[in-house]
Amino acid sequence: MRSLAVLGATGSIGASTLDVVARHPARYRIGALAAHRNAAKLAELCAQFRPELAVIADPACAAELRARLHALGASCRVEAGPAALVEAATGAHCDTVVAAIVGAAGLPSVLAAAQAGKRLLLANKEAIVMAGALLKAALREGGGELLPLDSEHNAVFQCLPRERHSLAAAGVRRIVLTASGGPFRGRRRDELAAITPAQACAHPNWSMGRKISVDSATLVNKGLEVIEAHHLFDAAPDQIEVVVHPQSLIHSLVEYVDGSLLAQLGLPDMRTAIAYALAWPERIDAGVGALDLAGAARLDFEAPDLATFRGLALAYAALRAGGSAPIVLNAANEEAVAAFLDGRLGFLGISEVIERCLDGLPPQPVTDLTAVLDADLTARRQAVRIIGELSA
Ligand code: NAD
Ligand code: MG
């Protein structure tokens, strides 16, 4: 039986994970649940899944969590604060960590889980974008394994041979990541200036948290995924292609030197990727229905519009620049998306903030977590300054 720590339990990936877990009580138990501030939801989940440990990252919400757990008759240990996330990811209560916190806040717990040799199910793409090399070193050191939850990378993982030393040795020519194109596919740049948060969060195919929904609308999400693919599969930037596929039924593809393209298809439901990673190398029911190909009828493809959706081009540039550039891209994006969701920045301002931060902060080498966090903080300060200028 596997014991899980679910970090980001109250979010979209957290909910999909717990849905799959609840279908297989003989295979999985919950050792720890962690969330940011939503004490009510976390308490309910604790009452249902009975973890040993509940972690609330915001200490101001700990008293409410304790009171709610007491009222529900759930008797788990409660810890609060960001450091407790690391405890949730490393303790003996789990052998598997579902990393589903959004943003840089998830990085320390992701690295700690890898160092502790846990099976790491990674949804928190910002962590690998910021510290891909450190994460891979931690995985080697800890002896654990990483299974991608991001649907594209999960699809690529499924299309690659199980044993491979390198992409070249496996005969892989390219990795092709599919992108839905988001809610504004086909629009021109001047049509995007007045986009509201509600419009940006209304994704045509996937139901997700607000930050990743905005990232999908700007295509920054696909840019983060290009960097994620580079680290996960040791692929050079030129080996990673993005193709827009509006139906979101092909989740990504691997092209081999003989001309074969292997694709993974399925309904756009994260439970497929989660179930695959939970049970790997076995397969279990995910609660996801069959894809009716005749009913779907069409699979369309087009090249991404890099001039309108600058975020994807900027991510390729940051990956090629190396060093701290991906950290700057991620930090600037997190600040810009938060400002956009708050009504303090326009939609087109997001890529402008990222571009100006990348231009203003030349890449520095990053060799340890302190350097990563320094670069993150510097970029956030710069981004906040630029957001202030743009909204003045
Ligand atoms: P969400 O906003 O629905 O949930 C985020 C979770 O993280 C919540 O449980 C929240 O409490 C927690 N959290 C936020 N800030 C925190 C902090 N400072 N400390 C501790 N916990 C914190 O987001 P989501 O859509 O579930 O996405 C989670 C991650 O998975 C993101 O990195 C996203 O890019 C990635 N992802 C999501 C999807 C999807 O379909 N939702 C698909 C692929 C990848
Ligand atoms: Mg994805």
# chains A, B, ... in the order shown; residues from 1 in each chain; ligands from 1
$ residues_near_ligand --ligand "ligand 1" --cutoff "7 Å" --atoms "only C-alpha atoms and all ligand atoms" --output "NGL selection string"
:A and (7-14 or 34-38 or 57 or 82 or 100-103 or 105-106 or 123-126 or 149-151 or 206-212 or 270)
$ residues_around --residues "Ser351 of chain A" --least-positions-apart "4" --cutoff "8 Å" --atoms "only C-alpha atoms" --output "PDB file with N, CA and C atoms, in the first residue's frame"
ATOM      1  N   THR A 218      -2.064  33.177 -21.713  1.00  0.00           N
ATOM      2  CA  THR A 218      -0.927  33.950 -22.247  1.00  0.00           C
ATOM      3  C   THR A 218       0.056  33.061 -23.016  1.00  0.00           C
ATOM      4  N   ARG A 310       3.467  36.433 -26.645  1.00  0.00           N
ATOM      5  CA  ARG A 310       4.916  36.599 -26.484  1.00  0.00           C
ATOM      6  C   ARG A 310       5.493  35.656 -25.423  1.00  0.00           C
ATOM      7  N   GLY A 311       4.671  35.246 -24.490  1.00  0.00           N
ATOM      8  CA  GLY A 311       5.141  34.456 -23.349  1.00  0.00           C
ATOM      9  C   GLY A 311       5.880  33.204 -23.764  1.00  0.00           C
ATOM     10  N   ASN A 333       6.528  36.415 -14.003  1.00  0.00           N
ATOM     11  CA  ASN A 333       5.184  35.956 -14.387  1.00  0.00           C
ATOM     12  C   ASN A 333       4.277  35.819 -13.171  1.00  0.00           C
ATOM     13  N   GLU A 355       9.243  40.390 -20.118  1.00  0.00           N
ATOM     14  CA  GLU A 355      10.285  40.791 -21.065  1.00  0.00           C
ATOM     15  C   GLU A 355      11.218  41.823 -20.452  1.00  0.00           C
TER      16      GLU A 355
END
$ closest_residue --among "A:Leu224, A:Val288, A:Ala297, A:Leu361" --to "Leu314 of chain A" --atoms "only C-alpha atoms"
A:Leu224
$ residues_around --residues "segment 17-30 of chain A" --least-positions-apart "2" --cutoff "6 Å" --atoms "only C-alpha atoms" --output "ChimeraX atom specification"
/A:1-4,14-15,32,51,286
$ closest_atom_pairs --of "chain A" --to "ligand 2" --cutoff "12 Å" --atoms "only C-alpha atoms and all ligand atoms" --output "tab-separated table"
residue	atom	partner	partner_atom_place_in_ligand_line	distance
A:Ile13	CA	ligand 2	1 (Mg)	11.5
A:Leu122	CA	ligand 2	1 (Mg)	11.3
A:Ala123	CA	ligand 2	1 (Mg)	8.6
A:Asn124	CA	ligand 2	1 (Mg)	10.4
A:Lys125	CA	ligand 2	1 (Mg)	8.8
A:Glu126	CA	ligand 2	1 (Mg)	11.7
A:Pro148	CA	ligand 2	1 (Mg)	9.9
A:Leu149	CA	ligand 2	1 (Mg)	8.3
A:Asp150	CA	ligand 2	1 (Mg)	4.6
A:Ser151	CA	ligand 2	1 (Mg)	4.9
A:Glu152	CA	ligand 2	1 (Mg)	5.3
A:His153	CA	ligand 2	1 (Mg)	7.4
A:Asn154	CA	ligand 2	1 (Mg)	8.9
A:Ala155	CA	ligand 2	1 (Mg)	9.9
A:Val156	CA	ligand 2	1 (Mg)	11.4
A:Leu177	CA	ligand 2	1 (Mg)	8.9
A:Thr178	CA	ligand 2	1 (Mg)	8.8
A:Ala179	CA	ligand 2	1 (Mg)	8.1
A:Ser180	CA	ligand 2	1 (Mg)	9.7
A:Gly181	CA	ligand 2	1 (Mg)	11.7
A:Gly182	CA	ligand 2	1 (Mg)	11.6
A:Asn205	CA	ligand 2	1 (Mg)	11.8
A:Trp206	CA	ligand 2	1 (Mg)	9.8
A:Ser207	CA	ligand 2	1 (Mg)	11.8
A:Met208	CA	ligand 2	1 (Mg)	10.3
A:Ile212	CA	ligand 2	1 (Mg)	8.9
A:Ser213	CA	ligand 2	1 (Mg)	10.5
A:Asp215	CA	ligand 2	1 (Mg)	10.2
A:Ser216	CA	ligand 2	1 (Mg)	8.6
A:Leu219	CA	ligand 2	1 (Mg)	10.7
A:Val220	CA	ligand 2	1 (Mg)	10.9
A:Asn221	CA	ligand 2	1 (Mg)	7.2
A:Lys222	CA	ligand 2	1 (Mg)	7.1
A:Gly223	CA	ligand 2	1 (Mg)	10.2
A:Leu224	CA	ligand 2	1 (Mg)	9.0
A:Glu225	CA	ligand 2	1 (Mg)	6.7
A:Val226	CA	ligand 2	1 (Mg)	10.0
A:Ile227	CA	ligand 2	1 (Mg)	11.9
A:Glu228	CA	ligand 2	1 (Mg)	9.9
A:Ala229	CA	ligand 2	1 (Mg)	10.6
A:Val242	CA	ligand 2	1 (Mg)	11.9
A:Ser248	CA	ligand 2	1 (Mg)	10.3
A:Ile250	CA	ligand 2	1 (Mg)	11.8
A:His251	CA	ligand 2	1 (Mg)	8.4
A:Ser252	CA	ligand 2	1 (Mg)	9.6
A:Pro268	CA	ligand 2	1 (Mg)	10.4
A:Asp269	CA	ligand 2	1 (Mg)	11.1
A:Met270	CA	ligand 2	1 (Mg)	9.3
A:Ala273	CA	ligand 2	1 (Mg)	10.4
$ residues_around --residues "Leu45 of chain A" --least-positions-apart "2" --cutoff "10 Å" --atoms "only C-alpha atoms" --output "PyMOL selection string"
chain A and resi 9-10+15+18+33+39-43+47-51+54+69+74
$ residues_around --residues "Pro183 of chain A" --least-positions-apart "2" --cutoff "8 Å" --atoms "only C-alpha atoms" --output "ChimeraX atom specification"
/A:181,185,199-200,202-204,217
$ atom_distance --atom1 "atom CA of Arg385 of chain A" --atom2 "atom CA of Val214 of chain A"
21.1 Å
$ select_by_dssp --residues "segment 190-335 of chain A" --states "alpha helix (DSSP H)" --output "number ranges by chain"
A: 197-200, 210-218, 220-233, 270-279, 293-296, 310-321, 325-335
$ write_last_selection --atoms "C-alpha atoms" --output "PDB file, in the first residue's frame"
ATOM      1  CA  PRO A 197      -9.559  37.979 -15.286  1.00  0.00           C
ATOM      2  CA  ALA A 198     -12.908  36.172 -15.667  1.00  0.00           C
ATOM      3  CA  GLN A 199     -12.391  35.887 -19.447  1.00  0.00           C
ATOM      4  CA  ALA A 200      -8.798  34.716 -19.003  1.00  0.00           C
ATOM      5  CA  ARG A 210      -6.672  30.625 -11.558  1.00  0.00           C
ATOM      6  CA  LYS A 211      -2.910  31.112 -11.948  1.00  0.00           C
ATOM      7  CA  ILE A 212      -2.431  28.266 -14.446  1.00  0.00           C
ATOM      8  CA  SER A 213      -5.615  29.349 -16.259  1.00  0.00           C
ATOM      9  CA  VAL A 214      -4.095  32.799 -16.883  1.00  0.00           C
ATOM     10  CA  ASP A 215      -0.802  31.119 -17.851  1.00  0.00           C
ATOM     11  CA  SER A 216      -2.713  29.060 -20.420  1.00  0.00           C
ATOM     12  CA  ALA A 217      -4.322  32.210 -21.826  1.00  0.00           C
ATOM     13  CA  THR A 218      -0.927  33.950 -22.247  1.00  0.00           C
ATOM     14  CA  VAL A 220       3.351  31.279 -20.599  1.00  0.00           C
ATOM     15  CA  ASN A 221       2.098  27.908 -19.329  1.00  0.00           C
ATOM     16  CA  LYS A 222       3.362  26.261 -22.517  1.00  0.00           C
ATOM     17  CA  GLY A 223       6.644  28.139 -22.119  1.00  0.00           C
ATOM     18  CA  LEU A 224       7.047  26.815 -18.569  1.00  0.00           C
ATOM     19  CA  GLU A 225       6.257  23.363 -19.964  1.00  0.00           C
ATOM     20  CA  VAL A 226       9.005  23.663 -22.604  1.00  0.00           C
ATOM     21  CA  ILE A 227      11.502  24.346 -19.801  1.00  0.00           C
ATOM     22  CA  GLU A 228       9.975  21.520 -17.743  1.00  0.00           C
ATOM     23  CA  ALA A 229      10.383  19.123 -20.695  1.00  0.00           C
ATOM     24  CA  HIS A 230      14.001  20.198 -21.144  1.00  0.00           C
ATOM     25  CA  HIS A 231      14.787  19.141 -17.567  1.00  0.00           C
ATOM     26  CA  LEU A 232      12.595  16.051 -17.364  1.00  0.00           C
ATOM     27  CA  PHE A 233      13.736  14.461 -20.606  1.00  0.00           C
ATOM     28  CA  MET A 270      -6.127  15.276 -15.112  1.00  0.00           C
ATOM     29  CA  ARG A 271      -7.185  12.089 -13.319  1.00  0.00           C
ATOM     30  CA  THR A 272      -5.712  10.022 -16.196  1.00  0.00           C
ATOM     31  CA  ALA A 273      -2.209  11.439 -15.690  1.00  0.00           C
ATOM     32  CA  ILE A 274      -2.558  11.257 -11.899  1.00  0.00           C
ATOM     33  CA  ALA A 275      -3.712   7.617 -11.926  1.00  0.00           C
ATOM     34  CA  TYR A 276      -0.888   6.698 -14.310  1.00  0.00           C
ATOM     35  CA  ALA A 277       1.732   8.260 -12.037  1.00  0.00           C
ATOM     36  CA  LEU A 278       0.187   6.859  -8.851  1.00  0.00           C
ATOM     37  CA  ALA A 279       0.122   3.279 -10.089  1.00  0.00           C
ATOM     38  CA  LEU A 293     -13.040   9.186 -31.594  1.00  0.00           C
ATOM     39  CA  ALA A 294     -15.887   9.124 -34.087  1.00  0.00           C
ATOM     40  CA  GLY A 295     -17.810  11.570 -31.885  1.00  0.00           C
ATOM     41  CA  ALA A 296     -14.769  13.849 -31.621  1.00  0.00           C
ATOM     42  CA  ARG A 310       4.916  36.599 -26.484  1.00  0.00           C
ATOM     43  CA  GLY A 311       5.141  34.456 -23.349  1.00  0.00           C
ATOM     44  CA  LEU A 312       6.056  31.306 -25.246  1.00  0.00           C
ATOM     45  CA  ALA A 313       8.845  33.009 -27.207  1.00  0.00           C
ATOM     46  CA  LEU A 314      10.189  34.557 -23.994  1.00  0.00           C
ATOM     47  CA  ALA A 315      10.315  31.140 -22.327  1.00  0.00           C
ATOM     48  CA  TYR A 316      12.356  29.666 -25.192  1.00  0.00           C
ATOM     49  CA  ALA A 317      14.689  32.670 -24.916  1.00  0.00           C
ATOM     50  CA  ALA A 318      15.047  32.200 -21.137  1.00  0.00           C
ATOM     51  CA  LEU A 319      15.775  28.488 -21.571  1.00  0.00           C
ATOM     52  CA  ARG A 320      18.475  29.257 -24.144  1.00  0.00           C
ATOM     53  CA  ALA A 321      19.950  32.024 -21.972  1.00  0.00           C
ATOM     54  CA  ALA A 325      16.854  33.454 -16.685  1.00  0.00           C
ATOM     55  CA  PRO A 326      14.100  30.818 -16.166  1.00  0.00           C
ATOM     56  CA  ILE A 327      13.868  31.887 -12.503  1.00  0.00           C
ATOM     57  CA  VAL A 328      13.424  35.514 -13.602  1.00  0.00           C
ATOM     58  CA  LEU A 329      10.784  34.492 -16.156  1.00  0.00           C
ATOM     59  CA  ASN A 330       8.855  32.536 -13.529  1.00  0.00           C
ATOM     60  CA  ALA A 331       9.072  35.146 -10.775  1.00  0.00           C
ATOM     61  CA  ALA A 332       8.102  38.015 -13.103  1.00  0.00           C
ATOM     62  CA  ASN A 333       5.184  35.956 -14.387  1.00  0.00           C
ATOM     63  CA  GLU A 334       3.937  35.073 -10.890  1.00  0.00           C
ATOM     64  CA  GLU A 335       3.975  38.733  -9.854  1.00  0.00           C
TER      65      GLU A 335
END
$ atom_distance --atom1 "atom CA of Ala383 of chain A" --atom2 "atom CA of Pro59 of chain A"
26.9 Å
$ select_by_dssp --residues "segment 24-143 of chain A" --states "strand (DSSP E)" --output "count of residues only"
24
$ residues_around --residues "Gly171 of chain A" --least-positions-apart "3" --cutoff "6 Å" --atoms "only C-alpha atoms" --output "list in words"
Ala168, Tyr256 and Val257 of chain A
$ write_last_selection --atoms "N, CA, C and O atoms" --output "short mmCIF file (atom, residue, chain, number, x, y, z; two decimals), in the first residue's frame"
data_model
loop_
_atom_site.label_atom_id
_atom_site.label_comp_id
_atom_site.auth_asym_id
_atom_site.auth_seq_id
_atom_site.Cartn_x
_atom_site.Cartn_y
_atom_site.Cartn_z
N ALA A 168 18.79 10.36 -27.51
CA ALA A 168 19.47 9.88 -28.72
C ALA A 168 19.54 8.36 -28.74
O ALA A 168 19.25 7.72 -29.75
N TYR A 256 10.24 9.82 -33.42
CA TYR A 256 11.44 8.98 -33.47
C TYR A 256 12.18 9.17 -34.79
O TYR A 256 11.60 9.66 -35.76
N VAL A 257 13.45 8.73 -34.82
CA VAL A 257 14.28 8.95 -36.01
C VAL A 257 13.78 8.22 -37.24
O VAL A 257 14.11 8.60 -38.36
#
$ residues_around --residues "segment 362-369 of chain A" --least-positions-apart "5" --cutoff "8 Å" --atoms "only C-alpha atoms" --output "ChimeraX atom specification"
/A:131,134,321-325
$ closest_residue --among "A:Leu390, A:Ile240, A:Leu377, A:Leu139" --to "Ala104 of chain A" --atoms "only C-alpha atoms"
A:Leu377
$ atom_distance --atom1 "atom CA of Thr378 of chain A" --atom2 "atom CA of Gly132 of chain A"
19.1 Å
$ closest_residue --among "A:Pro281, A:Cys61, A:Thr196, A:Pro304" --to "Gly346 of chain A" --atoms "only C-alpha atoms"
A:Thr196
$ decode --residues "segment 8-25 of chain A" --atoms "N, CA, C and O atoms" --output "short mmCIF file (atom, residue, chain, number, x, y, z; two decimals), in the first residue's frame"
data_model
loop_
_atom_site.label_atom_id
_atom_site.label_comp_id
_atom_site.auth_asym_id
_atom_site.auth_seq_id
_atom_site.Cartn_x
_atom_site.Cartn_y
_atom_site.Cartn_z
N GLY A 8 -0.97 20.90 -1.45
CA GLY A 8 -1.89 21.61 -2.36
C GLY A 8 -3.18 20.81 -2.47
O GLY A 8 -3.82 20.74 -3.52
N ALA A 9 -3.58 20.21 -1.33
CA ALA A 9 -4.72 19.28 -1.32
C ALA A 9 -6.04 19.96 -1.64
O ALA A 9 -6.96 19.33 -2.15
N THR A 10 -6.14 21.26 -1.36
CA THR A 10 -7.41 21.96 -1.55
C THR A 10 -7.56 22.53 -2.97
O THR A 10 -8.58 23.14 -3.29
N GLY A 11 -6.57 22.32 -3.81
CA GLY A 11 -6.62 22.88 -5.17
C GLY A 11 -7.22 21.90 -6.17
O GLY A 11 -7.72 20.84 -5.82
N SER A 12 -7.10 22.29 -7.43
CA SER A 12 -7.68 21.51 -8.52
C SER A 12 -6.97 20.15 -8.67
O SER A 12 -7.63 19.10 -8.74
N ILE A 13 -5.64 20.16 -8.69
CA ILE A 13 -4.91 18.88 -8.79
C ILE A 13 -5.11 18.06 -7.51
O ILE A 13 -5.27 16.83 -7.57
N GLY A 14 -5.13 18.74 -6.37
CA GLY A 14 -5.39 18.05 -5.10
C GLY A 14 -6.71 17.30 -5.15
O GLY A 14 -6.80 16.12 -4.79
N ALA A 15 -7.75 17.97 -5.63
CA ALA A 15 -9.09 17.36 -5.70
C ALA A 15 -9.09 16.16 -6.65
O ALA A 15 -9.66 15.10 -6.34
N SER A 16 -8.44 16.31 -7.81
CA SER A 16 -8.40 15.19 -8.76
C SER A 16 -7.63 14.01 -8.18
O SER A 16 -8.00 12.85 -8.37
N THR A 17 -6.55 14.32 -7.44
CA THR A 17 -5.75 13.25 -6.82
C THR A 17 -6.59 12.49 -5.80
O THR A 17 -6.62 11.24 -5.79
N LEU A 18 -7.28 13.24 -4.94
CA LEU A 18 -8.05 12.60 -3.87
C LEU A 18 -9.24 11.83 -4.45
O LEU A 18 -9.65 10.81 -3.90
N ASP A 19 -9.74 12.28 -5.59
CA ASP A 19 -10.81 11.53 -6.27
C ASP A 19 -10.30 10.15 -6.72
O ASP A 19 -10.97 9.14 -6.52
N VAL A 20 -9.09 10.11 -7.29
CA VAL A 20 -8.53 8.82 -7.73
C VAL A 20 -8.22 7.95 -6.51
O VAL A 20 -8.54 6.75 -6.48
N VAL A 21 -7.63 8.57 -5.48
CA VAL A 21 -7.28 7.83 -4.26
C VAL A 21 -8.53 7.18 -3.65
O VAL A 21 -8.50 6.01 -3.25
N ALA A 22 -9.63 7.92 -3.60
CA ALA A 22 -10.85 7.41 -2.98
C ALA A 22 -11.42 6.20 -3.74
O ALA A 22 -12.15 5.40 -3.17
N ARG A 23 -11.04 6.05 -5.00
CA ARG A 23 -11.50 4.88 -5.78
C ARG A 23 -10.71 3.63 -5.46
O ARG A 23 -11.07 2.55 -5.90
N HIS A 24 -9.57 3.79 -4.76
CA HIS A 24 -8.68 2.64 -4.53
C HIS A 24 -8.22 2.58 -3.07
O HIS A 24 -7.02 2.67 -2.79
N PRO A 25 -9.16 2.39 -2.14
CA PRO A 25 -8.79 2.42 -0.72
C PRO A 25 -7.82 1.31 -0.33
O PRO A 25 -7.09 1.46 0.65
#
